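Participant: This one is coords.pdb, PDB, C-alpha atoms, pLDDT in the B column.
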```
ATOM      1  CA  MET A  21       8.759 -32.326  -0.063  1.00 46.00           C
ATOM      2  CA  ALA A  22       8.470 -30.317  -3.252  1.00 47.00           C
ATOM      3  CA  PHE A  23       5.959 -28.026  -1.568  1.00 41.00           C
ATOM      4  CA  VAL A  24       8.305 -27.576   1.406  1.00 39.00           C
ATOM      5  CA  ARG A  25      11.223 -26.718  -0.889  1.00 46.00           C
ATOM      6  CA  GLN A  26       9.079 -24.193  -2.738  1.00 49.00           C
ATOM      7  CA  SER A  27       7.955 -22.651   0.548  1.00 45.00           C
ATOM      8  CA  VAL A  28      11.538 -22.395   1.790  1.00 39.00           C
ATOM      9  CA  ALA A  29      12.639 -20.869  -1.503  1.00 47.00           C
ATOM     10  CA  ALA A  30       9.780 -18.369  -1.398  1.00 47.00           C
ATOM     11  CA  SER A  31      10.655 -17.455   2.193  1.00 45.00           C
ATOM     12  CA  GLY A  32      14.279 -16.995   1.189  1.00 48.00           C
ATOM     13  CA  ARG A  33      13.346 -14.703  -1.685  1.00 52.00           C
ATOM     14  CA  ALA A  34      11.030 -12.709   0.579  1.00 48.00           C
ATOM     15  CA  ALA A  35      13.792 -12.318   3.170  1.00 44.00           C
ATOM     16  CA  PHE A  36      16.252 -11.243   0.477  1.00 47.00           C
ATOM     17  CA  PHE A  37      13.831  -8.663  -0.905  1.00 51.00           C
ATOM     18  CA  ALA A  38      13.081  -7.365   2.595  1.00 47.00           C
ATOM     19  CA  LEU A  39      16.797  -7.018   3.353  1.00 45.00           C
ATOM     20  CA  ALA A  40      17.490  -5.368   0.015  1.00 49.00           C
ATOM     21  CA  THR A  41      14.587  -2.983   0.528  1.00 51.00           C
ATOM     22  CA  GLY A  42      15.859  -2.047   3.965  1.00 48.00           C
ATOM     23  CA  LEU A  43      19.340  -1.342   2.623  1.00 48.00           C
ATOM     24  CA  VAL A  44      17.950   0.719  -0.235  1.00 51.00           C
ATOM     25  CA  ALA A  45      15.734   2.726   2.116  1.00 51.00           C
ATOM     26  CA  MET A  46      18.617   3.372   4.542  1.00 48.00           C
ATOM     27  CA  THR A  47      20.881   4.484   1.700  1.00 51.00           C
ATOM     28  CA  ILE A  48      18.227   6.814   0.337  1.00 53.00           C
ATOM     29  CA  ILE A  49      17.553   8.356   3.750  1.00 50.00           C
ATOM     30  CA  LEU A  50      21.266   8.890   4.409  1.00 48.00           C
ATOM     31  CA  LEU A  51      21.777  10.461   0.995  1.00 51.00           C
ATOM     32  CA  GLY A  52      18.769  12.685   1.504  1.00 55.00           C
ATOM     33  CA  VAL A  53      19.960  13.850   4.935  1.00 50.00           C
ATOM     34  CA  ILE A  54      23.501  14.546   3.714  1.00 49.00           C
ATOM     35  CA  VAL A  55      22.416  16.475   0.664  1.00 54.00           C
ATOM     36  CA  MET A  56      19.608  18.404   2.328  1.00 53.00           C
ATOM     37  CA  GLN A  57      22.053  19.574   5.003  1.00 52.00           C
ATOM     38  CA  GLN A  58      23.793  21.406   2.187  1.00 52.00           C
ATOM     39  CA  GLN A  59      20.469  22.941   1.085  1.00 52.00           C
ATOM     40  CA  SER A  60      19.067  23.700   4.518  1.00 56.00           C
ATOM     41  CA  LYS A  61      16.741  26.577   3.642  1.00 68.00           C
ATOM     42  CA  ALA A  62      13.403  25.974   5.335  1.00 72.00           C
ATOM     43  CA  ARG A  63      11.318  26.761   2.273  1.00 76.00           C
ATOM     44  CA  GLN A  64      13.332  24.341   0.120  1.00 80.00           C
ATOM     45  CA  ILE A  65      12.835  21.491   2.586  1.00 81.00           C
ATOM     46  CA  THR A  66       9.131  22.312   2.895  1.00 81.00           C
ATOM     47  CA  LEU A  67       8.728  22.437  -0.870  1.00 84.00           C
ATOM     48  CA  LEU A  68      10.609  19.162  -1.250  1.00 88.00           C
ATOM     49  CA  GLY A  69       8.270  17.484   1.231  1.00 88.00           C
ATOM     50  CA  VAL A  70       5.228  18.719  -0.676  1.00 87.00           C
ATOM     51  CA  LEU A  71       6.675  17.492  -3.977  1.00 90.00           C
ATOM     52  CA  ILE A  72       7.451  14.048  -2.510  1.00 91.00           C
ATOM     53  CA  ALA A  73       3.854  13.796  -1.260  1.00 90.00           C
ATOM     54  CA  LEU A  74       2.479  14.813  -4.667  1.00 89.00           C
ATOM     55  CA  GLN A  75       4.831  12.389  -6.397  1.00 91.00           C
ATOM     56  CA  THR A  76       3.642   9.563  -4.146  1.00 90.00           C
ATOM     57  CA  ILE A  77      -0.033  10.326  -4.756  1.00 88.00           C
ATOM     58  CA  LEU A  78       0.262  10.812  -8.518  1.00 85.00           C
ATOM     59  CA  GLY A  79       2.419   7.718  -8.922  1.00 83.00           C
ATOM     60  CA  SER A  80       0.087   5.479  -6.917  1.00 79.00           C
ATOM     61  CA  MET A  81      -3.468   6.778  -7.058  1.00 79.00           C
ATOM     62  CA  PHE A  82      -3.528   8.688 -10.339  1.00 73.00           C
ATOM     63  CA  SER A  83      -1.909   6.173 -12.661  1.00 69.00           C
ATOM     64  CA  LEU A  84      -3.229   3.817 -15.315  1.00 68.00           C
ATOM     65  CA  GLN A  85      -2.541   0.110 -14.753  1.00 63.00           C
ATOM     66  CA  PHE A  86      -2.977  -2.435 -17.563  1.00 60.00           C
ATOM     67  CA  LEU A  87      -1.775  -5.878 -16.411  1.00 55.00           C
ATOM     68  CA  LEU A  88       2.031  -5.424 -16.327  1.00 54.00           C
ATOM     69  CA  THR A  89       1.925  -1.968 -17.900  1.00 59.00           C
ATOM     70  CA  LYS A  90       1.687   1.160 -15.764  1.00 65.00           C
ATOM     71  CA  ILE A  91       1.398   4.728 -17.015  1.00 71.00           C
ATOM     72  CA  SER A  92       2.081   7.231 -14.254  1.00 79.00           C
ATOM     73  CA  PHE A  93       1.840  11.019 -14.209  1.00 82.00           C
ATOM     74  CA  SER A  94       4.340  11.429 -11.382  1.00 90.00           C
ATOM     75  CA  PHE A  95       6.978  12.323 -13.996  1.00 91.00           C
ATOM     76  CA  ILE A  96       5.490  15.852 -13.997  1.00 91.00           C
ATOM     77  CA  ILE A  97       6.437  16.291 -10.339  1.00 92.00           C
ATOM     78  CA  THR A  98       9.817  14.664 -10.977  1.00 95.00           C
ATOM     79  CA  ALA A  99      10.518  17.206 -13.721  1.00 94.00           C
ATOM     80  CA  ILE A 100       9.638  20.115 -11.424  1.00 92.00           C
ATOM     81  CA  MET A 101      11.713  18.647  -8.600  1.00 94.00           C
ATOM     82  CA  ALA A 102      14.660  18.102 -10.942  1.00 95.00           C
ATOM     83  CA  SER A 103      14.689  21.738 -12.007  1.00 93.00           C
ATOM     84  CA  LEU A 104      14.705  22.939  -8.383  1.00 91.00           C
ATOM     85  CA  PHE A 105      17.017  20.519  -6.590  1.00 93.00           C
ATOM     86  CA  SER A 106      20.301  18.773  -7.277  1.00 93.00           C
ATOM     87  CA  PRO A 107      20.307  15.432  -9.132  1.00 96.00           C
ATOM     88  CA  TRP A 108      21.039  13.474  -5.949  1.00 95.00           C
ATOM     89  CA  VAL A 109      18.205  15.125  -4.015  1.00 94.00           C
ATOM     90  CA  THR A 110      15.795  14.469  -6.880  1.00 96.00           C
ATOM     91  CA  ALA A 111      16.963  10.860  -7.195  1.00 96.00           C
ATOM     92  CA  SER A 112      16.702  10.158  -3.460  1.00 94.00           C
ATOM     93  CA  SER A 113      13.300  11.839  -3.217  1.00 94.00           C
ATOM     94  CA  SER A 114      11.943   9.922  -6.215  1.00 95.00           C
ATOM     95  CA  ALA A 115      13.058   6.626  -4.700  1.00 95.00           C
ATOM     96  CA  LEU A 116      11.537   7.573  -1.341  1.00 93.00           C
ATOM     97  CA  ALA A 117       8.241   8.481  -3.044  1.00 94.00           C
ATOM     98  CA  ASN A 118       8.281   5.101  -4.787  1.00 92.00           C
ATOM     99  CA  ILE A 119       8.747   3.274  -1.471  1.00 92.00           C
ATOM    100  CA  LEU A 120       5.982   5.302   0.182  1.00 91.00           C
ATOM    101  CA  GLY A 121       3.651   4.608  -2.728  1.00 90.00           C
ATOM    102  CA  MET A 122       4.264   0.868  -2.528  1.00 88.00           C
ATOM    103  CA  LEU A 123       3.750   0.839   1.247  1.00 88.00           C
ATOM    104  CA  LEU A 124       0.674   3.083   1.360  1.00 88.00           C
ATOM    105  CA  PHE A 125      -1.026   2.087  -1.903  1.00 85.00           C
ATOM    106  CA  PRO A 126       0.128  -1.461  -2.762  1.00 84.00           C
ATOM    107  CA  ARG A 127      -1.180  -2.771  -6.078  1.00 76.00           C
ATOM    108  CA  PHE A 128       1.138  -5.676  -6.795  1.00 75.00           C
ATOM    109  CA  THR A 129       4.163  -7.487  -5.378  1.00 80.00           C
ATOM    110  CA  PHE A 130       6.828  -5.176  -3.991  1.00 85.00           C
ATOM    111  CA  PHE A 131      10.186  -5.467  -5.745  1.00 90.00           C
ATOM    112  CA  PRO A 132      13.190  -3.293  -4.781  1.00 92.00           C
ATOM    113  CA  GLY A 133      14.303  -3.065  -8.398  1.00 94.00           C
ATOM    114  CA  PHE A 134      11.544  -0.540  -9.071  1.00 93.00           C
ATOM    115  CA  VAL A 135      12.985   1.647  -6.302  1.00 94.00           C
ATOM    116  CA  LEU A 136      16.301   1.617  -8.168  1.00 95.00           C
ATOM    117  CA  THR A 137      14.481   2.593 -11.366  1.00 96.00           C
ATOM    118  CA  ALA A 138      12.793   5.515  -9.588  1.00 95.00           C
ATOM    119  CA  PHE A 139      16.174   6.618  -8.209  1.00 96.00           C
ATOM    120  CA  LEU A 140      17.757   6.543 -11.671  1.00 97.00           C
ATOM    121  CA  VAL A 141      14.808   8.397 -13.240  1.00 97.00           C
ATOM    122  CA  GLY A 142      15.263  11.189 -10.700  1.00 97.00           C
ATOM    123  CA  LEU A 143      19.007  11.209 -11.346  1.00 97.00           C
ATOM    124  CA  VAL A 144      18.588  11.455 -15.128  1.00 98.00           C
ATOM    125  CA  PHE A 145      16.013  14.239 -14.851  1.00 98.00           C
ATOM    126  CA  GLY A 146      18.180  16.048 -12.310  1.00 96.00           C
ATOM    127  CA  LEU A 147      21.258  15.949 -14.544  1.00 97.00           C
ATOM    128  CA  ALA A 148      19.204  17.157 -17.508  1.00 96.00           C
ATOM    129  CA  PHE A 149      17.141  19.892 -15.828  1.00 95.00           C
ATOM    130  CA  HIS A 150      18.980  21.256 -12.776  1.00 93.00           C
ATOM    131  CA  LYS A 151      20.630  24.592 -13.625  1.00 90.00           C
ATOM    132  CA  GLN A 152      20.248  23.773 -17.315  1.00 90.00           C
ATOM    133  CA  LYS A 153      18.417  25.505 -20.133  1.00 85.00           C
ATOM    134  CA  LEU A 154      15.039  23.757 -20.290  1.00 84.00           C
ATOM    135  CA  GLY A 155      14.771  23.334 -24.048  1.00 87.00           C
ATOM    136  CA  TRP A 156      13.596  20.594 -26.379  1.00 92.00           C
ATOM    137  CA  ARG A 157      17.040  18.982 -26.566  1.00 93.00           C
ATOM    138  CA  ASN A 158      17.435  18.362 -22.824  1.00 94.00           C
ATOM    139  CA  ILE A 159      13.846  17.222 -22.444  1.00 95.00           C
ATOM    140  CA  LEU A 160      13.959  14.815 -25.399  1.00 96.00           C
ATOM    141  CA  ILE A 161      17.274  13.260 -24.336  1.00 96.00           C
ATOM    142  CA  ALA A 162      16.138  12.830 -20.719  1.00 97.00           C
ATOM    143  CA  ASN A 163      12.804  11.305 -21.715  1.00 96.00           C
ATOM    144  CA  LEU A 164      14.465   9.003 -24.250  1.00 97.00           C
ATOM    145  CA  ILE A 165      16.832   7.639 -21.598  1.00 98.00           C
ATOM    146  CA  VAL A 166      14.003   7.269 -19.080  1.00 97.00           C
ATOM    147  CA  THR A 167      11.377   5.676 -21.336  1.00 95.00           C
ATOM    148  CA  MET A 168      13.559   3.454 -23.515  1.00 96.00           C
ATOM    149  CA  GLY A 169      16.444   2.775 -21.162  1.00 96.00           C
ATOM    150  CA  LEU A 170      14.876   2.626 -17.711  1.00 96.00           C
ATOM    151  CA  TYR A 171      11.172   1.943 -18.228  1.00 94.00           C
ATOM    152  CA  LEU A 172      11.512  -0.407 -21.197  1.00 94.00           C
ATOM    153  CA  GLY A 173      14.886  -1.953 -20.386  1.00 95.00           C
ATOM    154  CA  LEU A 174      15.298  -1.980 -16.614  1.00 95.00           C
ATOM    155  CA  ASN A 175      11.639  -2.383 -15.620  1.00 93.00           C
ATOM    156  CA  SER A 176      11.244  -5.202 -18.137  1.00 93.00           C
ATOM    157  CA  LEU A 177      14.171  -6.936 -16.444  1.00 94.00           C
ATOM    158  CA  TRP A 178      12.459  -6.624 -13.059  1.00 94.00           C
ATOM    159  CA  LEU A 179       9.198  -8.024 -14.463  1.00 91.00           C
ATOM    160  CA  HIS A 180      11.098 -10.890 -16.096  1.00 92.00           C
ATOM    161  CA  LEU A 181      12.768 -11.759 -12.779  1.00 93.00           C
ATOM    162  CA  MET A 182       9.506 -11.485 -10.839  1.00 92.00           C
ATOM    163  CA  TYR A 183       7.172 -13.417 -13.119  1.00 90.00           C
ATOM    164  CA  GLN A 184       9.522 -15.368 -15.429  1.00 91.00           C
ATOM    165  CA  ILE A 185       7.830 -13.890 -18.508  1.00 89.00           C
ATOM    166  CA  PRO A 186       9.671 -14.684 -21.769  1.00 92.00           C
ATOM    167  CA  TRP A 187      11.669 -11.721 -23.031  1.00 90.00           C
ATOM    168  CA  LEU A 188      10.205 -11.404 -26.534  1.00 89.00           C
ATOM    169  CA  PRO A 189       6.496 -11.020 -25.658  1.00 90.00           C
ATOM    170  CA  LEU A 190       7.394  -8.900 -22.635  1.00 90.00           C
ATOM    171  CA  LEU A 191       9.517  -6.434 -24.606  1.00 91.00           C
ATOM    172  CA  THR A 192       7.140  -6.396 -27.570  1.00 89.00           C
ATOM    173  CA  GLY A 193       4.160  -5.428 -25.437  1.00 86.00           C
ATOM    174  CA  ARG A 194       6.061  -2.830 -23.436  1.00 88.00           C
ATOM    175  CA  LEU A 195       7.776  -1.343 -26.493  1.00 91.00           C
ATOM    176  CA  VAL A 196       4.416  -0.225 -27.871  1.00 86.00           C
ATOM    177  CA  GLN A 197       3.655   1.504 -24.574  1.00 84.00           C
ATOM    178  CA  GLU A 198       6.983   3.345 -24.444  1.00 89.00           C
ATOM    179  CA  LEU A 199       6.772   4.411 -28.096  1.00 90.00           C
ATOM    180  CA  ILE A 200       3.541   6.181 -27.131  1.00 86.00           C
ATOM    181  CA  THR A 201       4.784   7.354 -23.747  1.00 88.00           C
ATOM    182  CA  PHE A 202       7.976   9.002 -25.044  1.00 93.00           C
ATOM    183  CA  PRO A 203       6.392  11.730 -27.226  1.00 92.00           C
ATOM    184  CA  VAL A 204       3.498  12.270 -24.798  1.00 88.00           C
ATOM    185  CA  TYR A 205       5.814  12.739 -21.806  1.00 90.00           C
ATOM    186  CA  SER A 206       8.159  14.976 -23.818  1.00 93.00           C
ATOM    187  CA  VAL A 207       5.398  17.286 -25.048  1.00 92.00           C
ATOM    188  CA  LEU A 208       3.822  17.537 -21.586  1.00 90.00           C
ATOM    189  CA  VAL A 209       7.147  18.467 -19.963  1.00 93.00           C
ATOM    190  CA  VAL A 210       7.816  21.116 -22.618  1.00 92.00           C
ATOM    191  CA  LEU A 211       4.350  22.592 -22.107  1.00 90.00           C
ATOM    192  CA  LEU A 212       4.777  22.410 -18.331  1.00 89.00           C
ATOM    193  CA  PHE A 213       7.873  24.601 -18.362  1.00 89.00           C
ATOM    194  CA  LYS A 214       6.146  27.114 -20.645  1.00 87.00           C
ATOM    195  CA  VAL A 215       3.344  27.790 -18.140  1.00 82.00           C
ATOM    196  CA  SER A 216       4.005  31.209 -16.617  1.00 75.00           C
ATOM    197  CA  ILE A 217       3.081  30.260 -13.039  1.00 72.00           C
ATOM    198  CA  VAL A 218       5.440  27.276 -13.201  1.00 78.00           C
ATOM    199  CA  ARG A 219       8.295  29.436 -14.512  1.00 77.00           C
ATOM    200  CA  THR A 220       7.651  32.031 -11.799  1.00 77.00           C
ATOM    201  CA  THR A 221       7.628  29.381  -9.068  1.00 73.00           C
ATOM    202  CA  LEU A 222      10.824  27.788 -10.346  1.00 76.00           C
ATOM    203  CA  GLN A 223      12.585  31.158 -10.428  1.00 75.00           C
ATOM    204  CA  LYS A 224      11.392  31.916  -6.893  1.00 71.00           C
ATOM    205  CA  TYR A 225      12.518  28.678  -5.278  1.00 69.00           C
ATOM    206  CA  ALA A 226      15.537  27.783  -7.413  1.00 67.00           C
TER     207      ALA A 226
END
```
Please rewrite the model in this file as structure tokens.
Facilitator:
Amino acid sequence: MAFVRQSVAASGRAAFFALATGLVAMTIILLGVIVMQQQSKARQITLLGVLIALQTILGSMFSLQFLLTKISFSFIITAIMASLFSPWVTASSSALANILGMLLFPRFTFFPGFVLTAFLVGLVFGLAFHKQKLGWRNILIANLIVTMGLYLGLNSLWLHLMYQIPWLPLLTGRLVQELITFPVYSVLVVLLFKVSIVRTTLQKYA
């Protein structure tokens, strides 16, 4: 009987996650369609599609995975996308890239909370970079919110809910990662926007 109850509970959780994922995906698609109708230039839509593909590949195939810790380089594409498109387009595209990455290159259990994190990361970067002066201040604030607020805080919550890991060891282990990630990500984004070909491309498509 205990096994049956566990199976039923697991099936219920799976159904809930599937439903939640479907709702999230539908919301993202609707937001993307609405916003992209306002930015209907063909080259912008083409560029956005390329960036989503690159974001999916970098986030899934070119990332470092250590147990529950993942270091991804897709933030570089997110930063470029955020400087070119509105915050809502960047947020929706980041969430869509996260879903595509989980479907095409699954590495561990799918959880819709990580889609929400990806959406919020895109939103934060979009608010900080779109039509803003790309200086140290904006980059540091955006990366601080993303690494300490979303990656450390929100993603730790998702991992706690998924695997029932005690908070203290979970946060302690992930805090070390984010303390390293924050300056590395910040420096790389600053250097990225100083590359002449990147600046030229951003000016051309913005």
Participant: One number please: atom CA of A:Leu68 to atom CA of A:Val109, in Å, one decimal.
Facilitator: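 Between atom CA of A:Leu68 and atom CA of A:Val109 the gap works out to 9.0 Å.
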Participant: Which residue gives the smallest distance to A:Ser113 among A:Leu195, A:Leu147, A:Ile72, A:Leu174, with only C-alpha atoms counted?
Facilitator: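 Closest residue, counting only C-alpha atoms: A:Ile72.
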Participant: Find, counting all atoms listed in the file, the residue in A:Leu116, A:Trp108, A:Leu211, A:Leu179 that gets nearest to A:Phe145.
Facilitator: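 Closest to A:Phe145, using all atoms listed in the file: A:Trp108.
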Participant: Take atom CA of A:Leu208 and atom CA of A:Arg127 and report the distance between them in Å, one decimal.
Facilitator: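 The value is 26.0 Å.
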Participant: Considering only C-alpha atoms, state which residue in the set A:Phe134, A:Thr167, A:Ile100, A:Leu71 is at the smallest distance from A:Ala115.
Facilitator: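 Under the stated criterion, the closest residue is A:Phe134.
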Participant: For stretch 201-206 of chain A, find every residue with an atom within 7 Å (counting only C-alpha atoms), except residues of its own chain fewer than 6 positions away, and show them as number ranges by chain.
Facilitator: A: 159-160, 163-164, 167
Participant: Just to be explicit: take each residue in the selection above, keep C-alpha atoms, and write the result as a PDB file, in the coordinates of the input.
Facilitator:
```pdb
ATOM      1  CA  ILE A 159      13.846  17.222 -22.444  1.00 95.00           C
ATOM      2  CA  LEU A 160      13.959  14.815 -25.399  1.00 96.00           C
ATOM      3  CA  ASN A 163      12.804  11.305 -21.715  1.00 96.00           C
ATOM      4  CA  LEU A 164      14.465   9.003 -24.250  1.00 97.00           C
ATOM      5  CA  THR A 167      11.377   5.676 -21.336  1.00 95.00           C
TER       6      THR A 167
END
```
Participant: Between atom CA of A:Val218 and atom CA of A:Leu172, measure the distance and give it in Å to one decimal.
Facilitator: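 Atom CA of A:Leu172 lies at a distance of 29.4 Å from atom CA of A:Val218.
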Participant: If you take every atom of stretch 192-205 of chain A that the file lists and fit an axis-aligned box around them with 8 Å extra on each side, what centre and edge lengths come out in Å to one decimal, as lines of an AutoDock Vina configuration file?
Facilitator:
```
center_x = 5.7
center_y = 3.2
center_z = -25.0
size_x = 20.5
size_y = 35.1
size_z = 22.3
```
Participant: How would you write, as a PyMOL selection string, the residues chosen by the PyMOL selection byres ((chain A and resi 148) around 12) on this structure?
Facilitator: chain A and resi 98-107+110+141-147+149-166
Participant: I need the residue nearest A:Leu181 from this list: A:Ser114, A:Pro132, A:Phe213, A:Gln223. Use all atoms listed in the file for the distance.
Facilitator: A:Pro132
Participant: Take the PyMOL selection byres ((chain A and resi 117) around 9), apply it to the structure above, and return the hits as a ChimeraX atom specification.
Facilitator: /A:72-77,79,112-116,118-122,135,138
Participant: I'd like to know which of A:Trp187, A:Met182, A:Val209, A:Arg63 is closest to A:Thr129, using all atoms listed in the file.
Facilitator: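 Checking each candidate against A:Thr129, we get A:Met182 as the closest.
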Participant: Using all atoms listed in the file for the distances, tell me which of A:Met168, A:Ala62, A:Leu78, A:Leu199 is nearest to A:Ser92.
Facilitator: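 Closest to A:Ser92, using all atoms listed in the file: A:Leu78.
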Participant: Output stretch 183-205 of chain A with N, CA and C atoms present, as a PDB file, keeping the file's coordinate frame.
Facilitator:
```pdb
ATOM      1  N   TYR A 183       8.224 -12.539 -12.608  1.00 90.00           N
ATOM      2  CA  TYR A 183       7.172 -13.417 -13.119  1.00 90.00           C
ATOM      3  C   TYR A 183       7.654 -14.433 -14.152  1.00 90.00           C
ATOM      4  N   GLN A 184       8.953 -14.424 -14.460  1.00 91.00           N
ATOM      5  CA  GLN A 184       9.522 -15.368 -15.429  1.00 91.00           C
ATOM      6  C   GLN A 184       8.820 -15.286 -16.792  1.00 91.00           C
ATOM      7  N   ILE A 185       8.466 -14.087 -17.203  1.00 89.00           N
ATOM      8  CA  ILE A 185       7.830 -13.890 -18.508  1.00 89.00           C
ATOM      9  C   ILE A 185       8.904 -13.929 -19.587  1.00 89.00           C
ATOM     10  N   PRO A 186       8.685 -14.654 -20.680  1.00 92.00           N
ATOM     11  CA  PRO A 186       9.671 -14.684 -21.769  1.00 92.00           C
ATOM     12  C   PRO A 186       9.966 -13.274 -22.277  1.00 92.00           C
ATOM     13  N   TRP A 187      11.221 -13.061 -22.668  1.00 90.00           N
ATOM     14  CA  TRP A 187      11.669 -11.721 -23.031  1.00 90.00           C
ATOM     15  C   TRP A 187      10.918 -11.146 -24.232  1.00 90.00           C
ATOM     16  N   LEU A 188      10.755 -11.941 -25.283  1.00 89.00           N
ATOM     17  CA  LEU A 188      10.205 -11.404 -26.534  1.00 89.00           C
ATOM     18  C   LEU A 188       8.793 -10.837 -26.369  1.00 89.00           C
ATOM     19  N   PRO A 189       7.833 -11.606 -25.840  1.00 90.00           N
ATOM     20  CA  PRO A 189       6.496 -11.020 -25.658  1.00 90.00           C
ATOM     21  C   PRO A 189       6.476  -9.877 -24.648  1.00 90.00           C
ATOM     22  N   LEU A 190       7.338  -9.960 -23.640  1.00 90.00           N
ATOM     23  CA  LEU A 190       7.394  -8.900 -22.635  1.00 90.00           C
ATOM     24  C   LEU A 190       7.860  -7.585 -23.254  1.00 90.00           C
ATOM     25  N   LEU A 191       8.972  -7.642 -23.988  1.00 91.00           N
ATOM     26  CA  LEU A 191       9.517  -6.434 -24.606  1.00 91.00           C
ATOM     27  C   LEU A 191       8.615  -5.909 -25.712  1.00 91.00           C
ATOM     28  N   THR A 192       8.016  -6.820 -26.471  1.00 89.00           N
ATOM     29  CA  THR A 192       7.140  -6.396 -27.570  1.00 89.00           C
ATOM     30  C   THR A 192       5.951  -5.602 -27.048  1.00 89.00           C
ATOM     31  N   GLY A 193       5.311  -6.119 -26.005  1.00 86.00           N
ATOM     32  CA  GLY A 193       4.160  -5.428 -25.437  1.00 86.00           C
ATOM     33  C   GLY A 193       4.529  -4.096 -24.814  1.00 86.00           C
ATOM     34  N   ARG A 194       5.660  -4.057 -24.116  1.00 88.00           N
ATOM     35  CA  ARG A 194       6.061  -2.830 -23.436  1.00 88.00           C
ATOM     36  C   ARG A 194       6.655  -1.810 -24.405  1.00 88.00           C
ATOM     37  N   LEU A 195       7.216  -2.269 -25.506  1.00 91.00           N
ATOM     38  CA  LEU A 195       7.776  -1.343 -26.493  1.00 91.00           C
ATOM     39  C   LEU A 195       6.690  -0.441 -27.068  1.00 91.00           C
ATOM     40  N   VAL A 196       5.535  -1.017 -27.342  1.00 86.00           N
ATOM     41  CA  VAL A 196       4.416  -0.225 -27.871  1.00 86.00           C
ATOM     42  C   VAL A 196       4.046   0.876 -26.882  1.00 86.00           C
ATOM     43  N   GLN A 197       3.988   0.517 -25.604  1.00 84.00           N
ATOM     44  CA  GLN A 197       3.655   1.504 -24.574  1.00 84.00           C
ATOM     45  C   GLN A 197       4.664   2.642 -24.555  1.00 84.00           C
ATOM     46  N   GLU A 198       5.959   2.307 -24.561  1.00 89.00           N
ATOM     47  CA  GLU A 198       6.983   3.345 -24.444  1.00 89.00           C
ATOM     48  C   GLU A 198       7.091   4.193 -25.704  1.00 89.00           C
ATOM     49  N   LEU A 199       6.778   3.621 -26.865  1.00 90.00           N
ATOM     50  CA  LEU A 199       6.772   4.411 -28.096  1.00 90.00           C
ATOM     51  C   LEU A 199       5.673   5.473 -28.057  1.00 90.00           C
ATOM     52  N   ILE A 200       4.608   5.192 -27.320  1.00 86.00           N
ATOM     53  CA  ILE A 200       3.541   6.181 -27.131  1.00 86.00           C
ATOM     54  C   ILE A 200       3.899   7.133 -25.991  1.00 86.00           C
ATOM     55  N   THR A 201       4.467   6.571 -24.934  1.00 88.00           N
ATOM     56  CA  THR A 201       4.784   7.354 -23.747  1.00 88.00           C
ATOM     57  C   THR A 201       5.837   8.420 -24.027  1.00 88.00           C
ATOM     58  N   PHE A 202       6.856   8.084 -24.811  1.00 93.00           N
ATOM     59  CA  PHE A 202       7.976   9.002 -25.044  1.00 93.00           C
ATOM     60  C   PHE A 202       7.529  10.350 -25.600  1.00 93.00           C
ATOM     61  N   PRO A 203       6.802  10.407 -26.722  1.00 92.00           N
ATOM     62  CA  PRO A 203       6.392  11.730 -27.226  1.00 92.00           C
ATOM     63  C   PRO A 203       5.390  12.435 -26.318  1.00 92.00           C
ATOM     64  N   VAL A 204       4.492  11.661 -25.687  1.00 88.00           N
ATOM     65  CA  VAL A 204       3.498  12.270 -24.798  1.00 88.00           C
ATOM     66  C   VAL A 204       4.188  12.925 -23.607  1.00 88.00           C
ATOM     67  N   TYR A 205       5.090  12.193 -22.950  1.00 90.00           N
ATOM     68  CA  TYR A 205       5.814  12.739 -21.806  1.00 90.00           C
ATOM     69  C   TYR A 205       6.633  13.957 -22.214  1.00 90.00           C
TER      70      TYR A 205
END
```
